[in-house]
Amino acid sequence: MQEEEKKQQTVPVVAVVLAAGFGTRFDPENPKQLVCIADKPIVCWSIEAFERNSRVSDIVVVVNPKVRDGIEGLIDEAGYGKVRMVIDGGAERADSTMAALDVLKQAGIPESAKILIHDAVRPLVSQESIDESIDALDEFSAATVAFASTDTILLTHDAGDRKVIASVPDRADTFRAQTPQSFRFGTIHHAYELAAGDPDFHPTDDTRVVVDYMPDEPVAIVSGSETNLKVTTLADLPTAERIAASVMHQLTKEEARERMHAILREAMGR
Ligand SMILES: Nc1ccn([C@@H]2O[C@H](COP(=O)(O)OP(=O)(O)OP(=O)(O)O)[C@@H](O)[C@H]2O)c(=O)n1
Ligand SMILES: C[C@](O)(CO)[C@H](O)COP(=O)(O)O
């Protein structure tokens with residue numbers, strides 16, 4: 001059934017692009033979602049990564065009042081065909097995810113739908129990571145793109161006004177969480193329902209909601225990359241520009257190759 005579903009894609013694959021943050025670590029007066037990298041606003045890079053992926057059927061964009069007009073204007077101008085809704089998020093990232101899940105529930109989305117939740121401020125996500133996220137849901141109900149840590153990670157606890165090490169996990173077992181984080185709709189919706197009553201619920205990502213509230217549900221790791229950078233502070237911009245330049249170079253080469261193949265196919269009458 002799952003093999004068949006994979007080939008025919010019988011369930012919706014919905015990307016949720018979270019762009020409702022306030023960029024306090026970047027510059028609250030200059031919303032980072034709207035800042036350009038290689039002349040294209042960051043939010044457009046992210047939306048286009050999912051527009052370009054033929055397996056993604058729908059996109060929901062989550063915004064806040066400060067960026068709504070700007071982002072709606074960009075979506076209209078570009079004519080993104082898969083963007084079905086632009087909705088308001090909430091105070092924290094998890095509130096913004098919840099807003100999207102509520103809207104999808106109201107729209108009657110099936111429990112089996114595949115939901116890819118992505119930080120708008122990770123503009124350079126690769127098609128391979130998106131494809132692998134969609135594939136992972138044929139085996140697991142939850143998965144996250146993540147990048148193996150090259151540093152040793154220290155888990156700490158508070159000792160007075162200092163932190164001290166609580167434990168040191170084996171480096172081979174440590175990863176840096178990235179996005180998209182992908183889920184069957186029924187799983188992520190249920191996890192958020194379980195978490196809703198908890199006053200100490202302030203997760204910084206969506207997989208944590210499954211890990212904490214549905215501990216028997218395994219969450220798969222999908223390969224990420226160093227280039228799937230999150231633009232967090234102003235210091236990230238030069239790196240993002242460098243990565244964007246190399247991505248554009250790659251895309252231009254691929255387009256040229258595709259054009260050449262099309263010319264050859266036509267010349268050979270195929
Ligand atoms: N209430 C929020 C908070 C964050 N986000 C989104 O979640 C992603 C997380 O990245 P982050 O760097 O934390 O963005 P901000 O929350 O904007 O940044 P900061 O924490 O510095 O305020 C971003 O795409 C952001 O727009 C969101 O949709 N709703
Ligand atoms: C989801 C995330 O990008 C995974 O690395 C990250 O946790 C977002 O955290 P932030 O505090 O909102 O930057």
# chains A, B, ... in the order shown; residues from 1 in each chain; ligands from 1
$ residues_near_ligand --ligand "ligand 1" --cutoff "8 Å" --atoms "only C-alpha atoms and all ligand atoms" --output "number ranges by chain"
A: 17-26, 28, 31-33, 62-64, 89-97, 118-122, 204, 230-233
$ closest_atom_pairs --of "chain A" --to "ligand 2" --cutoff "6 Å" --atoms "only C-alpha atoms and all ligand atoms" --output "Markdown table"
| residue | atom | partner | partner_atom_place_in_ligand_line | distance |
| --- | --- | --- | --- | --- |
| A:Ala177 | CA | ligand 2 | 5 (O) | 4.3 |
| A:Gln178 | CA | ligand 2 | 5 (O) | 4.3 |
| A:Thr179 | CA | ligand 2 | 3 (O) | 5.9 |
| A:Thr204 | CA | ligand 2 | 7 (O) | 4.4 |
| A:Asp205 | CA | ligand 2 | 1 (C) | 4.1 |
$ write_last_selection --atoms "all heavy atoms" --output "CSV table (one decimal), in the first residue's frame"
chain,number,residue,atom,x,y,z
A,177,ALA,N,19.2,19.8,14.7
A,177,ALA,CA,17.9,19.8,14.0
A,177,ALA,C,17.8,20.9,13.0
A,177,ALA,O,18.2,22.0,13.2
A,177,ALA,CB,16.8,19.9,15.1
A,178,GLN,N,17.3,20.5,11.8
A,178,GLN,CA,17.0,21.5,10.8
A,178,GLN,C,15.5,21.4,10.4
A,178,GLN,O,14.7,20.7,11.1
A,178,GLN,CB,17.9,21.3,9.6
A,178,GLN,CG,19.4,21.4,9.9
A,178,GLN,CD,20.2,21.3,8.6
A,178,GLN,OE1,19.8,20.7,7.6
A,178,GLN,NE2,21.4,21.9,8.7
A,179,THR,N,15.1,22.0,9.3
A,179,THR,CA,13.8,21.8,8.8
A,179,THR,C,13.9,21.6,7.3
A,179,THR,O,14.9,21.9,6.7
A,179,THR,CB,12.8,23.0,9.0
A,179,THR,OG1,13.3,24.1,8.3
A,179,THR,CG2,12.7,23.3,10.5
A,204,THR,N,11.1,24.4,20.9
A,204,THR,CA,11.7,25.3,19.8
A,204,THR,C,11.6,24.6,18.4
A,204,THR,O,12.0,25.2,17.4
A,204,THR,CB,13.2,25.6,20.1
A,204,THR,OG1,13.9,24.3,20.3
A,204,THR,CG2,13.4,26.5,21.3
A,205,ASP,N,11.1,23.3,18.4
A,205,ASP,CA,10.9,22.7,17.1
A,205,ASP,C,9.7,21.8,17.3
A,205,ASP,O,9.2,21.6,18.4
A,205,ASP,CB,12.1,22.0,16.5
A,205,ASP,CG,12.4,20.7,17.2
A,205,ASP,OD1,12.0,20.4,18.3
A,205,ASP,OD2,13.0,19.8,16.5
$ residues_around --residues "Leu101 (chain A)" --least-positions-apart "6" --cutoff "12 Å" --atoms "only C-alpha atoms" --output "PyMOL selection string"
chain A and resi 14-16+18+60-62+87-89+94-95+107-111+113-117+183-193+206
$ closest_residue --among "A:Val145, A:Ala136, A:Ile71, A:Ile130" --to "Ala49 (chain A)" --atoms "only C-alpha atoms"
A:Ile130
$ residues_around --residues "region 50-57 of chain A" --least-positions-apart "2" --cutoff "8 Å" --atoms "only C-alpha atoms" --output "number ranges by chain"
A: 9, 12-15, 46-48, 59, 80-82, 127, 130-131
$ select_by_dssp --residues "region 13-227 of chain A" --states "alpha helix (DSSP H)" --output "ChimeraX atom specification"
/A:42-51,65-78,93-106,127-136,185-195,207-213
$ select_by_dssp --residues "region 23-192 of chain A" --states "strand (DSSP E)" --output "PyMOL selection string"
chain A and resi 36-37+40-41+58-63+83-88+114-119+142-148+155-159+162-167+175-184
$ atom_distance --atom1 "CA of Ile37 (chain A)" --atom2 "CA of Thr207 (chain A)"
28.1 Å
$ closest_residue --among "A:Leu229, A:Val168, A:Ile221, A:Ala267" --to "Ala142 (chain A)" --atoms "only C-alpha atoms"
A:Ile221
